[in-house]
$ cat structure27.cif   # mmCIF, C-alpha atoms
data_work
loop_
_atom_site.label_atom_id
_atom_site.label_comp_id
_atom_site.auth_asym_id
_atom_site.auth_seq_id
_atom_site.Cartn_x
_atom_site.Cartn_y
_atom_site.Cartn_z
CA MET A 1 -45.47 -38.94 59.58
CA THR A 2 -43.19 -41.98 59.86
CA ARG A 3 -40.13 -42.58 57.76
CA ALA A 4 -41.86 -45.44 55.88
CA ALA A 5 -44.70 -43.13 54.91
CA VAL A 6 -42.38 -40.66 53.14
CA PRO A 7 -41.24 -43.05 50.34
CA GLU A 8 -44.84 -44.22 49.88
CA SER A 9 -45.97 -40.61 49.47
CA ARG A 10 -43.22 -39.96 46.93
CA THR A 11 -44.12 -43.14 45.05
CA ALA A 12 -47.76 -42.12 44.92
CA LYS A 13 -46.83 -38.69 43.57
CA THR A 14 -44.55 -40.27 40.95
CA GLN A 15 -47.28 -42.67 39.84
CA ALA A 16 -49.83 -39.87 39.69
CA ARG A 17 -47.42 -37.81 37.58
CA ARG A 18 -46.86 -40.73 35.22
CA ARG A 19 -50.60 -41.31 34.90
CA GLY A 20 -51.05 -37.63 34.10
CA ILE A 21 -48.34 -37.74 31.42
CA LEU A 22 -49.86 -40.88 29.89
CA ALA A 23 -53.31 -39.31 29.89
CA ILE A 24 -51.97 -36.18 28.15
CA ALA A 25 -50.11 -38.34 25.60
CA ALA A 26 -53.22 -40.42 24.93
CA HIS A 27 -55.33 -37.29 24.50
CA ALA A 28 -52.76 -35.75 22.15
CA GLY A 29 -52.60 -39.00 20.17
CA GLY A 30 -56.38 -38.99 19.85
CA LEU A 31 -56.37 -35.42 18.60
CA VAL A 32 -53.66 -36.21 16.04
CA ALA A 33 -55.57 -39.30 14.86
CA ALA A 34 -58.81 -37.32 14.52
CA GLU A 35 -57.04 -34.56 12.64
CA TRP A 36 -55.41 -37.13 10.36
CA ARG A 37 -58.80 -38.63 9.49
CA ARG A 38 -60.19 -35.18 8.78
CA ALA A 39 -57.30 -34.06 6.59
CA SER A 40 -57.50 -34.13 2.82
CA TRP A 41 -55.31 -36.47 0.82
CA PRO A 42 -52.92 -33.68 -0.35
CA ALA A 43 -52.32 -32.71 3.28
CA ARG A 44 -51.71 -36.34 4.26
CA ALA A 45 -49.34 -36.94 1.36
CA SER A 46 -47.49 -33.70 2.19
CA ALA A 47 -47.11 -34.66 5.84
CA ILE A 48 -45.77 -38.11 4.90
CA CYS A 49 -43.37 -36.61 2.35
CA LEU A 50 -41.96 -34.09 4.82
CA LEU A 51 -41.69 -36.75 7.52
CA LEU A 52 -39.63 -38.92 5.14
CA PHE A 53 -37.38 -35.99 4.21
CA TYR A 54 -36.67 -35.10 7.82
CA LEU A 55 -36.09 -38.77 8.58
CA MET A 56 -33.51 -38.74 5.77
CA ALA A 57 -31.85 -35.73 7.34
CA ALA A 58 -31.81 -37.24 10.84
CA ALA A 59 -30.67 -40.73 9.81
CA SER A 60 -28.40 -39.88 6.89
CA PRO A 61 -25.53 -42.23 7.86
CA VAL A 62 -27.98 -45.16 8.00
CA ILE A 63 -30.09 -44.41 4.92
CA ALA A 64 -27.22 -43.42 2.62
CA PRO A 65 -25.52 -46.59 1.31
CA TYR A 66 -22.11 -44.95 0.73
CA ASP A 67 -19.95 -42.09 1.89
CA PRO A 68 -21.17 -39.01 -0.03
CA ALA A 69 -17.59 -37.91 -0.71
CA ARG A 70 -16.34 -41.29 -1.95
CA GLN A 71 -15.42 -41.23 -5.64
CA TYR A 72 -15.76 -44.24 -7.91
CA ARG A 73 -13.43 -43.00 -10.63
CA ARG A 74 -14.33 -45.86 -13.00
CA LEU A 75 -18.04 -45.00 -12.85
CA PRO A 76 -18.44 -41.25 -13.59
CA ASP A 77 -21.90 -40.15 -14.75
CA CYS A 78 -23.19 -43.68 -14.28
CA PRO A 79 -26.94 -44.05 -14.98
CA PRO A 80 -29.33 -45.43 -12.35
CA MET A 81 -28.97 -49.20 -12.01
CA ARG A 82 -31.82 -51.66 -12.30
CA LEU A 83 -32.67 -53.94 -9.40
CA HIS A 84 -33.73 -57.47 -10.31
CA LEU A 85 -35.85 -59.85 -8.27
CA VAL A 86 -34.19 -63.19 -8.99
CA LEU A 87 -35.94 -66.40 -8.01
CA PRO A 88 -33.92 -69.21 -6.40
CA GLY A 89 -32.22 -71.54 -8.82
CA ARG A 90 -31.33 -68.87 -11.39
CA GLY A 91 -27.65 -68.75 -10.46
CA ALA A 92 -27.83 -65.41 -8.63
CA PRO A 93 -26.24 -64.99 -5.18
CA GLY A 94 -29.45 -63.66 -3.61
CA LEU A 95 -33.04 -62.53 -4.06
CA PHE A 96 -32.28 -58.88 -4.86
CA CYS A 97 -29.45 -58.56 -7.37
CA PHE A 98 -28.14 -56.26 -10.06
CA HIS A 99 -25.68 -56.29 -12.90
CA PRO A 100 -22.55 -54.18 -12.24
CA MET A 101 -21.74 -51.39 -14.67
CA ARG A 102 -18.51 -50.83 -16.58
CA MET A 103 -17.32 -48.03 -18.83
CA ALA A 104 -17.59 -49.02 -22.50
CA ASP A 105 -16.50 -45.70 -24.01
CA PRO A 106 -14.22 -43.53 -21.83
CA LEU A 107 -14.54 -40.49 -24.11
CA ALA A 108 -18.34 -40.49 -24.16
CA ARG A 109 -18.56 -41.91 -20.63
CA ARG A 110 -20.98 -44.57 -21.84
CA MET A 111 -21.77 -47.30 -19.33
CA VAL A 112 -23.01 -50.81 -20.06
CA GLU A 113 -24.15 -53.63 -17.79
CA GLU A 114 -21.99 -56.66 -17.24
CA ARG A 115 -24.77 -59.16 -17.82
CA THR A 116 -22.50 -62.11 -17.09
CA ARG A 117 -22.11 -61.04 -13.46
CA TRP A 118 -24.52 -60.72 -10.58
CA GLU A 119 -24.01 -58.64 -7.45
CA ARG A 120 -26.22 -59.00 -4.41
CA LEU A 121 -27.91 -56.05 -2.75
CA ARG A 122 -27.97 -56.52 1.01
CA PHE A 123 -30.44 -54.76 3.31
CA PHE A 124 -29.52 -53.61 6.84
CA TYR A 125 -25.91 -54.41 6.08
CA ARG A 126 -22.93 -52.83 7.88
CA GLY A 127 -25.07 -50.16 9.52
CA HIS A 128 -26.78 -49.05 6.29
CA LEU A 129 -30.33 -49.46 5.06
CA PHE A 130 -28.96 -51.19 1.99
CA SER A 131 -25.49 -51.69 0.56
CA THR A 132 -23.28 -54.15 -1.27
CA ALA A 133 -20.61 -56.46 0.02
CA SER A 134 -18.14 -55.43 -2.67
CA GLY A 135 -17.01 -51.81 -2.58
CA ALA A 136 -15.76 -52.10 -6.15
CA ALA A 137 -19.29 -52.83 -7.44
CA PRO A 138 -21.61 -50.19 -5.94
CA PHE A 139 -25.34 -49.98 -6.56
CA PHE A 140 -26.38 -46.50 -7.71
CA VAL A 141 -30.11 -45.96 -7.15
CA LEU A 142 -30.13 -42.54 -8.84
CA GLY A 143 -26.85 -42.77 -10.73
CA SER A 144 -23.58 -40.98 -10.03
CA ASP A 145 -22.20 -37.51 -10.70
CA ALA A 146 -19.22 -36.46 -12.83
CA LEU A 147 -16.77 -37.59 -10.12
CA GLY A 148 -18.37 -40.98 -9.65
CA ARG A 149 -20.04 -40.16 -6.32
CA ASP A 150 -23.34 -41.82 -5.45
CA LEU A 151 -26.05 -39.26 -6.17
CA PHE A 152 -28.58 -40.83 -3.80
CA SER A 153 -26.14 -40.71 -0.88
CA ARG A 154 -25.36 -37.06 -1.60
CA ILE A 155 -29.07 -36.22 -1.79
CA VAL A 156 -29.67 -37.92 1.56
CA TYR A 157 -26.84 -35.99 3.21
CA GLY A 158 -27.91 -32.81 1.40
CA ALA A 159 -31.28 -33.03 3.17
CA ARG A 160 -29.48 -32.05 6.37
CA VAL A 161 -28.78 -28.62 4.93
CA SER A 162 -31.74 -28.00 2.64
CA MET A 163 -34.46 -29.21 5.02
CA CYS A 164 -32.98 -27.81 8.24
CA VAL A 165 -32.15 -24.35 6.89
CA GLY A 166 -35.86 -23.57 6.55
CA LEU A 167 -36.78 -24.56 10.11
CA ILE A 168 -33.87 -22.76 11.75
CA ALA A 169 -34.33 -19.61 9.66
CA ILE A 170 -38.07 -19.61 10.39
CA ALA A 171 -37.42 -19.99 14.11
CA VAL A 172 -35.05 -17.00 14.11
CA SER A 173 -36.93 -14.68 11.74
CA PHE A 174 -40.38 -15.36 13.20
CA SER A 175 -39.12 -14.89 16.74
CA LEU A 176 -37.82 -11.47 15.69
CA GLY A 177 -40.94 -10.62 13.71
CA ILE A 178 -43.42 -11.65 16.40
CA THR A 179 -41.45 -9.90 19.15
CA ALA A 180 -40.96 -6.65 17.23
CA GLY A 181 -44.51 -6.59 15.86
CA SER A 182 -46.13 -7.34 19.21
CA ILE A 183 -44.14 -4.64 21.00
CA ALA A 184 -44.84 -2.07 18.27
CA GLY A 185 -48.57 -2.83 18.11
CA TYR A 186 -49.10 -2.87 21.85
CA ALA A 187 -46.88 0.09 22.79
CA GLY A 188 -47.75 2.44 19.91
CA GLY A 189 -46.38 5.95 19.78
CA VAL A 190 -42.65 6.52 19.34
CA THR A 191 -41.80 2.84 19.85
CA ASP A 192 -44.20 1.85 17.09
CA ASN A 193 -42.77 4.46 14.71
CA LEU A 194 -39.16 3.47 15.32
CA ILE A 195 -39.74 -0.26 14.86
CA MET A 196 -41.95 0.14 11.80
CA ARG A 197 -39.61 2.59 10.09
CA TRP A 198 -36.75 0.16 10.57
CA ALA A 199 -38.94 -2.64 9.19
CA GLU A 200 -39.71 -0.52 6.14
CA VAL A 201 -35.99 0.04 5.57
CA GLU A 202 -35.49 -3.74 5.67
CA MET A 203 -38.38 -4.33 3.27
CA SER A 204 -37.06 -1.73 0.81
CA LEU A 205 -33.89 -3.74 0.23
CA PRO A 206 -34.01 -6.19 -2.72
CA SER A 207 -33.75 -9.30 -0.63
CA PHE A 208 -32.14 -11.71 -3.08
CA TYR A 209 -29.50 -9.27 -4.30
CA PHE A 210 -28.84 -8.16 -0.74
CA LEU A 211 -28.46 -11.83 0.18
CA LEU A 212 -25.99 -12.30 -2.67
CA ALA A 213 -23.96 -9.30 -1.56
CA LEU A 214 -23.76 -10.48 2.04
CA ALA A 215 -22.99 -14.05 1.06
CA ALA A 216 -20.16 -12.85 -1.19
CA LEU A 217 -18.51 -11.27 1.87
CA MET A 218 -17.94 -14.67 3.47
CA PRO A 219 -14.24 -15.56 3.50
CA ALA A 220 -13.03 -18.14 1.02
CA GLY A 221 -12.48 -21.58 2.45
CA ALA A 222 -14.95 -21.17 5.31
CA SER A 223 -16.11 -24.39 6.93
CA THR A 224 -19.46 -25.92 6.07
CA VAL A 225 -20.86 -25.21 9.54
CA ARG A 226 -19.82 -21.56 9.40
CA THR A 227 -21.28 -21.18 5.91
CA PHE A 228 -24.54 -22.80 7.00
CA VAL A 229 -24.87 -20.59 10.09
CA THR A 230 -24.04 -17.47 8.08
CA ILE A 231 -26.66 -18.26 5.44
CA VAL A 232 -29.30 -18.94 8.08
CA LEU A 233 -28.60 -15.71 9.95
CA ILE A 234 -28.54 -13.62 6.77
CA MET A 235 -31.82 -15.06 5.51
CA SER A 236 -33.42 -14.63 8.94
CA PHE A 237 -32.45 -11.00 9.45
CA ILE A 238 -33.72 -9.89 6.03
CA SER A 239 -37.11 -11.62 6.25
CA TRP A 240 -38.56 -10.63 9.62
CA ALA A 241 -39.85 -7.21 8.58
CA GLY A 242 -42.86 -8.35 6.54
CA LEU A 243 -44.17 -10.51 9.36
CA ALA A 244 -43.53 -7.76 11.90
CA ARG A 245 -45.83 -5.37 10.00
CA VAL A 246 -48.67 -7.89 9.92
CA ILE A 247 -48.19 -8.83 13.58
CA ARG A 248 -48.11 -5.14 14.51
CA GLY A 249 -51.62 -4.63 13.09
CA MET A 250 -52.96 -7.74 14.83
CA ALA A 251 -51.37 -6.72 18.14
CA ALA A 252 -52.85 -3.23 17.89
CA ALA A 253 -56.28 -4.79 17.36
CA ALA A 254 -55.76 -7.21 20.27
CA ARG A 255 -54.88 -4.30 22.57
CA GLY A 256 -58.56 -3.32 22.75
CA LEU A 257 -59.93 -6.81 23.45
CA ALA A 258 -61.80 -7.36 26.70
CA TYR A 259 -59.42 -9.89 28.26
CA VAL A 260 -56.41 -7.68 27.50
CA GLU A 261 -58.07 -4.67 29.12
CA ALA A 262 -59.04 -6.86 32.09
CA ALA A 263 -55.42 -7.94 32.54
CA ARG A 264 -54.29 -4.30 32.52
CA ALA A 265 -57.01 -3.37 34.99
CA LEU A 266 -55.81 -6.09 37.35
CA GLY A 267 -52.36 -4.50 37.38
CA ALA A 268 -50.48 -6.77 34.96
CA SER A 269 -47.35 -5.19 33.53
CA ALA A 270 -46.99 -4.49 29.81
CA PRO A 271 -44.44 -7.30 29.20
CA ARG A 272 -46.73 -9.77 30.97
CA VAL A 273 -49.77 -8.68 28.98
CA VAL A 274 -47.84 -9.01 25.72
CA ALA A 275 -46.34 -12.39 26.60
CA ARG A 276 -49.43 -13.97 28.20
CA HIS A 277 -52.31 -12.47 26.22
CA VAL A 278 -51.26 -10.72 23.01
CA VAL A 279 -48.69 -13.14 21.58
CA PRO A 280 -50.80 -16.32 22.12
CA SER A 281 -53.61 -14.74 20.11
CA LEU A 282 -51.23 -14.38 17.15
CA LEU A 283 -49.74 -17.87 17.12
CA ALA A 284 -52.36 -19.40 14.81
CA TYR A 285 -51.55 -16.92 12.07
CA ALA A 286 -47.81 -17.21 12.77
CA LEU A 287 -47.96 -21.02 12.43
CA VAL A 288 -49.64 -20.81 9.03
CA ALA A 289 -47.31 -18.04 7.84
CA ALA A 290 -44.26 -20.00 8.99
CA THR A 291 -45.34 -23.12 7.13
CA LEU A 292 -45.88 -21.13 3.93
CA ALA A 293 -42.56 -19.26 4.34
CA VAL A 294 -40.31 -22.32 4.69
CA PRO A 295 -40.20 -22.95 0.89
CA GLY A 296 -38.75 -19.48 0.37
CA PHE A 297 -35.82 -20.26 2.65
CA ILE A 298 -35.23 -23.62 0.96
CA LEU A 299 -35.20 -21.95 -2.45
CA GLY A 300 -32.92 -19.18 -1.16
CA GLU A 301 -30.34 -21.63 0.12
CA SER A 302 -30.59 -23.70 -3.06
CA ALA A 303 -30.08 -20.62 -5.23
CA LEU A 304 -27.03 -19.51 -3.24
CA SER A 305 -25.48 -22.96 -3.34
CA LEU A 306 -26.22 -23.27 -7.05
CA LEU A 307 -24.46 -19.95 -7.71
CA GLY A 308 -21.46 -21.00 -5.66
CA LEU A 309 -22.10 -18.71 -2.68
CA GLY A 310 -23.64 -21.26 -0.33
CA VAL A 311 -22.54 -24.66 0.88
CA GLN A 312 -19.52 -25.70 -1.19
CA GLU A 313 -18.05 -28.99 -2.33
CA PRO A 314 -17.39 -31.59 -1.07
CA ALA A 315 -20.29 -30.92 1.33
CA ALA A 316 -23.68 -31.63 -0.17
CA SER A 317 -26.88 -29.61 -0.38
CA TRP A 318 -29.70 -29.93 -2.85
CA GLY A 319 -28.70 -26.61 -4.39
CA ASN A 320 -25.06 -27.36 -5.17
CA LEU A 321 -26.00 -30.81 -6.46
CA LEU A 322 -27.79 -29.06 -9.31
CA ALA A 323 -24.66 -27.23 -10.44
CA GLN A 324 -23.88 -29.93 -12.99
CA ALA A 325 -27.35 -29.49 -14.50
CA GLN A 326 -26.57 -25.91 -15.58
CA ASP A 327 -24.89 -27.29 -18.70
CA VAL A 328 -27.55 -28.17 -21.28
CA GLN A 329 -25.31 -30.79 -22.86
CA ASN A 330 -24.82 -32.54 -19.52
CA LEU A 331 -28.55 -32.39 -18.93
CA GLY A 332 -29.24 -34.04 -22.28
CA ARG A 333 -26.69 -36.79 -21.74
CA TYR A 334 -27.24 -37.43 -18.06
CA PRO A 335 -30.86 -36.49 -17.17
CA TRP A 336 -30.64 -38.18 -13.75
CA ILE A 337 -28.59 -35.25 -12.43
CA LEU A 338 -31.92 -33.40 -12.10
CA ALA A 339 -32.93 -35.71 -9.24
CA PRO A 340 -32.08 -33.09 -6.53
CA GLY A 341 -34.48 -30.69 -8.25
CA VAL A 342 -37.26 -33.27 -7.86
CA PHE A 343 -36.61 -33.40 -4.12
CA ILE A 344 -36.67 -29.59 -3.90
CA PHE A 345 -39.96 -29.53 -5.82
CA LEU A 346 -41.56 -32.15 -3.57
CA ALA A 347 -40.44 -30.38 -0.39
CA ILE A 348 -41.76 -27.00 -1.54
CA MET A 349 -45.09 -28.37 -2.74
CA SER A 350 -45.51 -30.34 0.50
CA PHE A 351 -44.98 -27.25 2.63
CA ASN A 352 -47.42 -25.28 0.47
CA PHE A 353 -50.16 -27.93 0.64
CA LEU A 354 -49.68 -28.34 4.39
CA GLY A 355 -49.73 -24.57 4.89
CA ASP A 356 -52.98 -24.26 2.91
CA TYR A 357 -54.56 -26.98 5.03
CA LEU A 358 -53.47 -25.34 8.29
CA ARG A 359 -54.79 -21.99 7.08
CA ASP A 360 -58.20 -23.54 6.39
CA ARG A 361 -58.28 -25.32 9.74
CA LEU A 362 -57.13 -22.38 11.86
CA ASP A 363 -59.20 -19.70 10.12
CA PRO A 364 -62.21 -18.91 12.35
CA ALA A 365 -64.26 -17.87 9.31
CA GLN A 366 -64.09 -21.44 8.04
CA HIS A 367 -65.93 -22.68 11.15
CA GLY A 368 -68.61 -20.05 11.37
CA ARG A 369 -67.15 -18.35 14.43
#
$ encode --input "structure27.cif" --output "structure tokens"
Amino acid sequence: MTRAAVPESRTAKTQARRRGILAIAAHAGGLVAAEWRRASWPARASAICLLLFYLMAAASPVIAPYDPARQYRRLPDCPPMRLHLVLPGRGAPGLFCFHPMRMADPLARRMVEERTRWERLRFFYRGHLFSTASGAAPFFVLGSDALGRDLFSRIVYGARVSMCVGLIAIAVSFSLGITAGSIAGYAGGVTDNLIMRWAEVEMSLPSFYFLLALAALMPAGASTVRTFVTIVLIMSFISWAGLARVIRGMAAAARGLAYVEAARALGASAPRVVARHVVPSLLAYALVAATLAVPGFILGESALSLLGLGVQEPAASWGNLLAQAQDVQNLGRYPWILAPGVFIFLAIMSFNFLGDYLRDRLDPAQHGR
């Protein structure tokens, strides 16, 4: 083979690899499109809602109009502001405008609009999805909290914690549960007894109170990252046992299947049989169970943060944003402080609807097999 033929051969291999990747991507896109057409409207709405929430978490600095820790001391407990569509020639500085708010009664914290002034709302301005040119006249979509911080910006940044804690905790706890359950179900005997007895000890602990006790042991003044990692690890290590027991029964049943026995007869080692044949047969159930278990982790983190044992101020999570709503008087005066609870409700319902849809699609009994 000549030297000129070597680059041509490499180019042909590269092009063939690219064509293969494009074909796989096109096939995957077709499957996703077909599944989307087949899905019910609750499943579609849930998928869109979760996609928007995770987009909020990933692009928080762009979507949030203001720094979540910035305090507008003259606008505490400010209600949501109204956006006006002003036609040209009405004296407004732009198409989308609003009236700034000012405090009319400092004792009652009553805000009124300055109807003699217009402020323009700018989109894709200074690296934000929307913002205002004047920092002294902010636009509060969902109002502000008791310190004058923009509630929408804090909700957007809080999605980083509340939405990611479920995925990371699921990844850790389900990895432990699937591994322990598969080994116990396939090995049997003493190994099965040891793993299952330990799982029963874990399940006998009252999970929420045990979580409170462990969270209370965290040192005061710990950083947000350390608190987040600690909460994720605690929630993961106290929730793997229930899945491990279910996976153990499924792995014990899979041990007698024909293709598993054939792999053993061909001389495959036990770890290879478990990794290549037993675990893949359990992934459909694990996917559905993981989707339905995410809301529990979101609620757990929210409860800890609400009780003051989770992510602390000035960092934001959907749980600690509801702390102000514990006072009934505050809730009656400033009902917009319940907005983080609406986001928690939507996230939990979306995961539940999506989990129900996946369970129906991945259940062989639903397809007559």
$ resolve_selection --input "structure27.cif" --expression "the PyMOL selection byres ((chain A and resi 291) around 12)" --output "PyMOL selection string"
chain A and resi 46-47+50+166-167+169-171+174+284-290+292-298+347-359
$ closest_residue --input "structure27.cif" --among "A:Tyr54, A:Tyr209, A:Phe98, A:Tyr334" --to "Val156 of chain A" --atoms "all atoms listed in the file"
A:Tyr54
$ resolve_selection --input "structure27.cif" --expression "the PyMOL selection byres ((chain A and resi 74-86) around 8)" --output "MDAnalysis selection string"
chainID A and resid 72:73 87:88 90 92 94:99 101:103 109:111 139:149 334 336
$ atom_distance --input "structure27.cif" --atom1 "atom CA of Phe343 of chain A" --atom2 "atom CA of Gly242 of chain A"
27.9 Å
$ atom_distance --input "structure27.cif" --atom1 "atom CA of Ser302 of chain A" --atom2 "atom CA of Val201 of chain A"
25.8 Å
$ closest_residue --input "structure27.cif" --among "A:Ala262, A:Ala187, A:Ile231, A:Ile238" --to "Val274 of chain A" --atoms "all atoms listed in the file"
A:Ala187
$ atom_distance --input "structure27.cif" --atom1 "atom CA of Asp327 of chain A" --atom2 "atom CA of Gln71 of chain A"
21.3 Å
$ closest_residue --input "structure27.cif" --among "A:Leu233, A:Leu52, A:Ala137, A:Ile155" --to "Leu338 of chain A" --atoms "all atoms listed in the file"
A:Ile155
$ closest_residue --input "structure27.cif" --among "A:Pro65, A:Ile24, A:Ser60, A:Ser173" --to "Leu121 of chain A" --atoms "only C-alpha atoms"
A:Pro65
$ closest_residue --input "structure27.cif" --among "A:Glu313, A:Glu202, A:Glu301, A:Glu35" --to "Val165 of chain A" --atoms "all atoms listed in the file"
A:Glu301
$ decode --input "structure27.cif" --residues "segment 283-291 of chain A" --atoms "all heavy atoms" --output "PDB file, in the first residue's frame"
ATOM      1  N   LEU A 283     -33.665  -3.474  33.867  1.00  0.00           N
ATOM      2  CA  LEU A 283     -33.575  -2.033  33.661  1.00  0.00           C
ATOM      3  C   LEU A 283     -34.924  -1.393  33.365  1.00  0.00           C
ATOM      4  O   LEU A 283     -35.145  -0.224  33.701  1.00  0.00           O
ATOM      5  CB  LEU A 283     -32.588  -1.735  32.530  1.00  0.00           C
ATOM      6  CG  LEU A 283     -31.124  -2.042  32.839  1.00  0.00           C
ATOM      7  CD1 LEU A 283     -30.248  -1.653  31.666  1.00  0.00           C
ATOM      8  CD2 LEU A 283     -30.673  -1.315  34.098  1.00  0.00           C
ATOM      9  N   ALA A 284     -35.827  -2.106  32.714  1.00  0.00           N
ATOM     10  CA  ALA A 284     -37.145  -1.525  32.420  1.00  0.00           C
ATOM     11  C   ALA A 284     -37.880  -1.189  33.717  1.00  0.00           C
ATOM     12  O   ALA A 284     -38.414  -0.088  33.880  1.00  0.00           O
ATOM     13  CB  ALA A 284     -37.963  -2.492  31.571  1.00  0.00           C
ATOM     14  N   TYR A 285     -37.892  -2.146  34.648  1.00  0.00           N
ATOM     15  CA  TYR A 285     -38.533  -1.865  35.933  1.00  0.00           C
ATOM     16  C   TYR A 285     -37.788  -0.768  36.680  1.00  0.00           C
ATOM     17  O   TYR A 285     -38.414   0.114  37.290  1.00  0.00           O
ATOM     18  CB  TYR A 285     -38.570  -3.132  36.784  1.00  0.00           C
ATOM     19  CG  TYR A 285     -38.959  -2.859  38.223  1.00  0.00           C
ATOM     20  CD1 TYR A 285     -40.297  -2.695  38.577  1.00  0.00           C
ATOM     21  CD2 TYR A 285     -37.987  -2.744  39.217  1.00  0.00           C
ATOM     22  CE1 TYR A 285     -40.649  -2.415  39.888  1.00  0.00           C
ATOM     23  CE2 TYR A 285     -38.335  -2.472  40.524  1.00  0.00           C
ATOM     24  CZ  TYR A 285     -39.666  -2.313  40.856  1.00  0.00           C
ATOM     25  OH  TYR A 285     -40.010  -2.035  42.150  1.00  0.00           O
ATOM     26  N   ALA A 286     -36.457  -0.802  36.644  1.00  0.00           N
ATOM     27  CA  ALA A 286     -35.669   0.203  37.372  1.00  0.00           C
ATOM     28  C   ALA A 286     -35.925   1.605  36.823  1.00  0.00           C
ATOM     29  O   ALA A 286     -35.985   2.577  37.585  1.00  0.00           O
ATOM     30  CB  ALA A 286     -34.182  -0.137  37.286  1.00  0.00           C
ATOM     31  N   LEU A 287     -36.097   1.739  35.502  1.00  0.00           N
ATOM     32  CA  LEU A 287     -36.365   3.047  34.912  1.00  0.00           C
ATOM     33  C   LEU A 287     -37.690   3.607  35.402  1.00  0.00           C
ATOM     34  O   LEU A 287     -37.792   4.784  35.771  1.00  0.00           O
ATOM     35  CB  LEU A 287     -36.360   2.932  33.382  1.00  0.00           C
ATOM     36  CG  LEU A 287     -36.703   4.210  32.609  1.00  0.00           C
ATOM     37  CD1 LEU A 287     -35.683   5.300  32.902  1.00  0.00           C
ATOM     38  CD2 LEU A 287     -36.762   3.919  31.113  1.00  0.00           C
ATOM     39  N   VAL A 288     -38.716   2.766  35.415  1.00  0.00           N
ATOM     40  CA  VAL A 288     -40.029   3.214  35.894  1.00  0.00           C
ATOM     41  C   VAL A 288     -39.961   3.559  37.373  1.00  0.00           C
ATOM     42  O   VAL A 288     -40.479   4.597  37.818  1.00  0.00           O
ATOM     43  CB  VAL A 288     -41.088   2.134  35.623  1.00  0.00           C
ATOM     44  CG1 VAL A 288     -42.440   2.543  36.206  1.00  0.00           C
ATOM     45  CG2 VAL A 288     -41.212   1.881  34.122  1.00  0.00           C
ATOM     46  N   ALA A 289     -39.333   2.689  38.169  1.00  0.00           N
ATOM     47  CA  ALA A 289     -39.236   2.937  39.607  1.00  0.00           C
ATOM     48  C   ALA A 289     -38.443   4.205  39.899  1.00  0.00           C
ATOM     49  O   ALA A 289     -38.785   4.962  40.817  1.00  0.00           O
ATOM     50  CB  ALA A 289     -38.583   1.744  40.293  1.00  0.00           C
ATOM     51  N   ALA A 290     -37.401   4.462  39.115  1.00  0.00           N
ATOM     52  CA  ALA A 290     -36.605   5.670  39.330  1.00  0.00           C
ATOM     53  C   ALA A 290     -37.422   6.924  39.038  1.00  0.00           C
ATOM     54  O   ALA A 290     -37.362   7.909  39.785  1.00  0.00           O
ATOM     55  CB  ALA A 290     -35.355   5.635  38.449  1.00  0.00           C
ATOM     56  N   THR A 291     -38.192   6.895  37.953  1.00  0.00           N
ATOM     57  CA  THR A 291     -39.008   8.054  37.615  1.00  0.00           C
ATOM     58  C   THR A 291     -40.034   8.342  38.698  1.00  0.00           C
ATOM     59  O   THR A 291     -40.300   9.501  39.038  1.00  0.00           O
ATOM     60  CB  THR A 291     -39.713   7.824  36.268  1.00  0.00           C
ATOM     61  OG1 THR A 291     -38.748   7.459  35.290  1.00  0.00           O
ATOM     62  CG2 THR A 291     -40.427   9.075  35.812  1.00  0.00           C
TER      63      THR A 291
END
